[in-house]
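Everything below concerns the one structure shown next.
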Amino acid sequence: MDGVEVLQVSSSLRQRTLTAVVLGPLVIAAVLWLPTPAFALFFGLVVMGAGWEWCGLAGLVSLPQRAAYLALIAACMGLLWPQADWRLWLIGLSVPWWIAQSVRMLRMREVLPVSGLQPLLLPVGLLVLVAPWAALVDLHRIGPALVLFLLVIIWTADSLAYFVGRRWGRAKLAPAVSPGKTLAGVYGGIAGAAFCGLLFAWQQSLGWWAGLLVLLFCAFAASISIVGDLYESFLKRRRGLKDSSQILPGHGGLLDRIDSLTAAAPLFALGMTWALM
């Protein structure tokens, strides 16, 4: 790595750090201090921003088309807000969909470029974006700390996957989709999430059965969060994009920041609700 590349990496790292320092406390404050209706609005705005970026991945180009799609996302969230049963059905539907995508991503050997509108991604976008919103709203109703706990699991899994993968990673997880991800990184991320679950069970003084369920669902959430990252990488790769947008300096777009959460939140919400009942 020459001097120019070192400076570029250093500058990117500074941007990522500054953005994280600003966004991290904002997100934590919103999770812990906002009442559930205000939190639903806050995360709904994040979903709308990610929806704008999703339009680019789906091939919606014109402003009226994008505005109509964002209006549809907002309408779905508005309809789901007073309907707990509908939210539960949507959350439940998203879990097997993400499991199917995990098989698809791991079996993929080539990513073919696409152009123009991809109509199938329009209903898929509703599932990918609205289901985690519904899951986080339900978690927040139970207790804001559960939402923060999920974020900690994802942050821990992402960090350990990165460092373990760089140190010991050899075998690639899904080279056609994301060449940087390794099996060792996956194991490191899952181990970190399981450790978070163990600490949570100890802190809550859970019985052995409930504690085991929490540990398992934390590990499952970390596993499926990787699929969320892979799926967005797949969509970007076939469009020839590095990031979903450049709205967050050093981090890309909103969708790049919540891709793991989109897959993990529904499974985590269902699992933790069952484990803590």
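Chain identifiers are assigned as A, B, and so on, following the order in which chains appear in the structure tokens; residues are numbered from 1 within each chain, and ligands are numbered from 1 in order of appearance.
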
Would you kindly return, as a PDB file with N, CA, C and O atoms, in the first residue's frame, each protein, DNA or RNA residue with an atom no farther than 8 Å from any atom of stretch 172-183 of chain A, considering only C-alpha atoms and excluding same-chain residues fewer than 6 positions away?
```
ATOM      1  N   MET A 105     -28.220 -17.000  -1.367  1.00  0.00           N
ATOM      2  CA  MET A 105     -26.949 -16.279  -1.382  1.00  0.00           C
ATOM      3  C   MET A 105     -25.759 -17.235  -1.300  1.00  0.00           C
ATOM      4  O   MET A 105     -24.744 -17.047  -1.973  1.00  0.00           O
ATOM      5  N   LEU A 106     -25.867 -18.272  -0.468  1.00  0.00           N
ATOM      6  CA  LEU A 106     -24.754 -19.207  -0.301  1.00  0.00           C
ATOM      7  C   LEU A 106     -24.547 -20.077  -1.530  1.00  0.00           C
ATOM      8  O   LEU A 106     -23.430 -20.534  -1.785  1.00  0.00           O
ATOM      9  N   ARG A 107     -25.607 -20.300  -2.303  1.00  0.00           N
ATOM     10  CA  ARG A 107     -25.494 -21.145  -3.501  1.00  0.00           C
ATOM     11  C   ARG A 107     -25.148 -20.349  -4.752  1.00  0.00           C
ATOM     12  O   ARG A 107     -24.838 -20.935  -5.788  1.00  0.00           O
ATOM     13  N   MET A 108     -25.183 -19.031  -4.659  1.00  0.00           N
ATOM     14  CA  MET A 108     -24.973 -18.199  -5.842  1.00  0.00           C
ATOM     15  C   MET A 108     -23.510 -18.258  -6.284  1.00  0.00           C
ATOM     16  O   MET A 108     -22.591 -18.102  -5.483  1.00  0.00           O
ATOM     17  N   ARG A 109     -23.305 -18.470  -7.545  1.00  0.00           N
ATOM     18  CA  ARG A 109     -21.958 -18.564  -8.112  1.00  0.00           C
ATOM     19  C   ARG A 109     -21.609 -17.412  -9.037  1.00  0.00           C
ATOM     20  O   ARG A 109     -20.448 -17.217  -9.392  1.00  0.00           O
ATOM     21  N   GLU A 110     -22.638 -16.647  -9.437  1.00  0.00           N
ATOM     22  CA  GLU A 110     -22.398 -15.530 -10.354  1.00  0.00           C
ATOM     23  C   GLU A 110     -23.498 -14.497 -10.172  1.00  0.00           C
ATOM     24  O   GLU A 110     -24.667 -14.850  -9.982  1.00  0.00           O
ATOM     25  N   VAL A 111     -23.102 -13.223 -10.196  1.00  0.00           N
ATOM     26  CA  VAL A 111     -24.061 -12.124 -10.112  1.00  0.00           C
ATOM     27  C   VAL A 111     -24.111 -11.440 -11.466  1.00  0.00           C
ATOM     28  O   VAL A 111     -23.136 -10.802 -11.893  1.00  0.00           O
ATOM     29  N   GLY A 165     -12.419 -12.374  10.849  1.00  0.00           N
ATOM     30  CA  GLY A 165     -12.244 -12.695   9.432  1.00  0.00           C
ATOM     31  C   GLY A 165     -10.906 -12.218   8.889  1.00  0.00           C
ATOM     32  O   GLY A 165     -10.250 -12.916   8.111  1.00  0.00           O
ATOM     33  N   LEU A 230     -25.553  -9.645   2.966  1.00  0.00           N
ATOM     34  CA  LEU A 230     -25.270 -10.305   1.684  1.00  0.00           C
ATOM     35  C   LEU A 230     -26.314  -9.930   0.628  1.00  0.00           C
ATOM     36  O   LEU A 230     -25.972  -9.690  -0.534  1.00  0.00           O
ATOM     37  N   SER A 233     -25.725  -6.522  -0.649  1.00  0.00           N
ATOM     38  CA  SER A 233     -24.517  -6.553  -1.476  1.00  0.00           C
ATOM     39  C   SER A 233     -24.820  -7.124  -2.850  1.00  0.00           C
ATOM     40  O   SER A 233     -24.318  -6.628  -3.871  1.00  0.00           O
ATOM     41  N   PHE A 234     -25.657  -8.150  -2.896  1.00  0.00           N
ATOM     42  CA  PHE A 234     -26.068  -8.753  -4.166  1.00  0.00           C
ATOM     43  C   PHE A 234     -26.806  -7.736  -5.032  1.00  0.00           C
ATOM     44  O   PHE A 234     -26.521  -7.595  -6.238  1.00  0.00           O
ATOM     45  N   ARG A 237     -24.310  -5.115  -6.218  1.00  0.00           N
ATOM     46  CA  ARG A 237     -23.324  -5.647  -7.160  1.00  0.00           C
ATOM     47  C   ARG A 237     -23.922  -5.775  -8.560  1.00  0.00           C
ATOM     48  O   ARG A 237     -23.265  -5.469  -9.558  1.00  0.00           O
TER      49      ARG A 237
END
```

Contacts of A:Thr262 at 7 Å or less, counting only C-alpha atoms, minus same-chain residues fewer than 2 places along, as a ChimeraX atom specification? /A:128-129,132,228,258-260,264-265

Include C-alpha atoms and write out the residues we just selected as a tab-separated table (two decimals), in the first residue's frame.
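Below you can see selection01.tsv, which holds the result:
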```
chain	number	residue	atom	x	y	z
A	128	VAL	CA	-37.56	-6.02	3.65
A	129	LEU	CA	-38.25	-2.52	5.00
A	132	PRO	CA	-38.26	-4.81	10.61
A	228	GLY	CA	-29.29	-9.17	5.19
A	258	ILE	CA	-29.62	-1.11	8.43
A	259	ASP	CA	-29.18	-4.05	6.03
A	260	SER	CA	-28.24	-6.42	8.87
A	264	ALA	CA	-32.31	-9.81	12.14
A	265	ALA	CA	-35.13	-7.75	13.68
```

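The coordinates place atom CA of A:Ala134 at 5.7 Å from atom CA of A:Arg87.
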
Stretch 9-238 of chain A: residues DSSP assigns to strand (DSSP E or B), reported as an MDAnalysis selection string
chainID A and resid 172:174 178:182

Across A:Met48, A:Leu215, A:Leu121, A:Val147, the smallest distance to A:Trp33, with only C-alpha atoms counted, is shown by A:Val147

Q | Residue contacts of A:Val164 (6 Å, only C-alpha atoms) excluding same-chain residues fewer than 4 positions away, as a list of chain:residue names | A | A:Leu160, A:Trp168, A:Gly185, A:Gly188
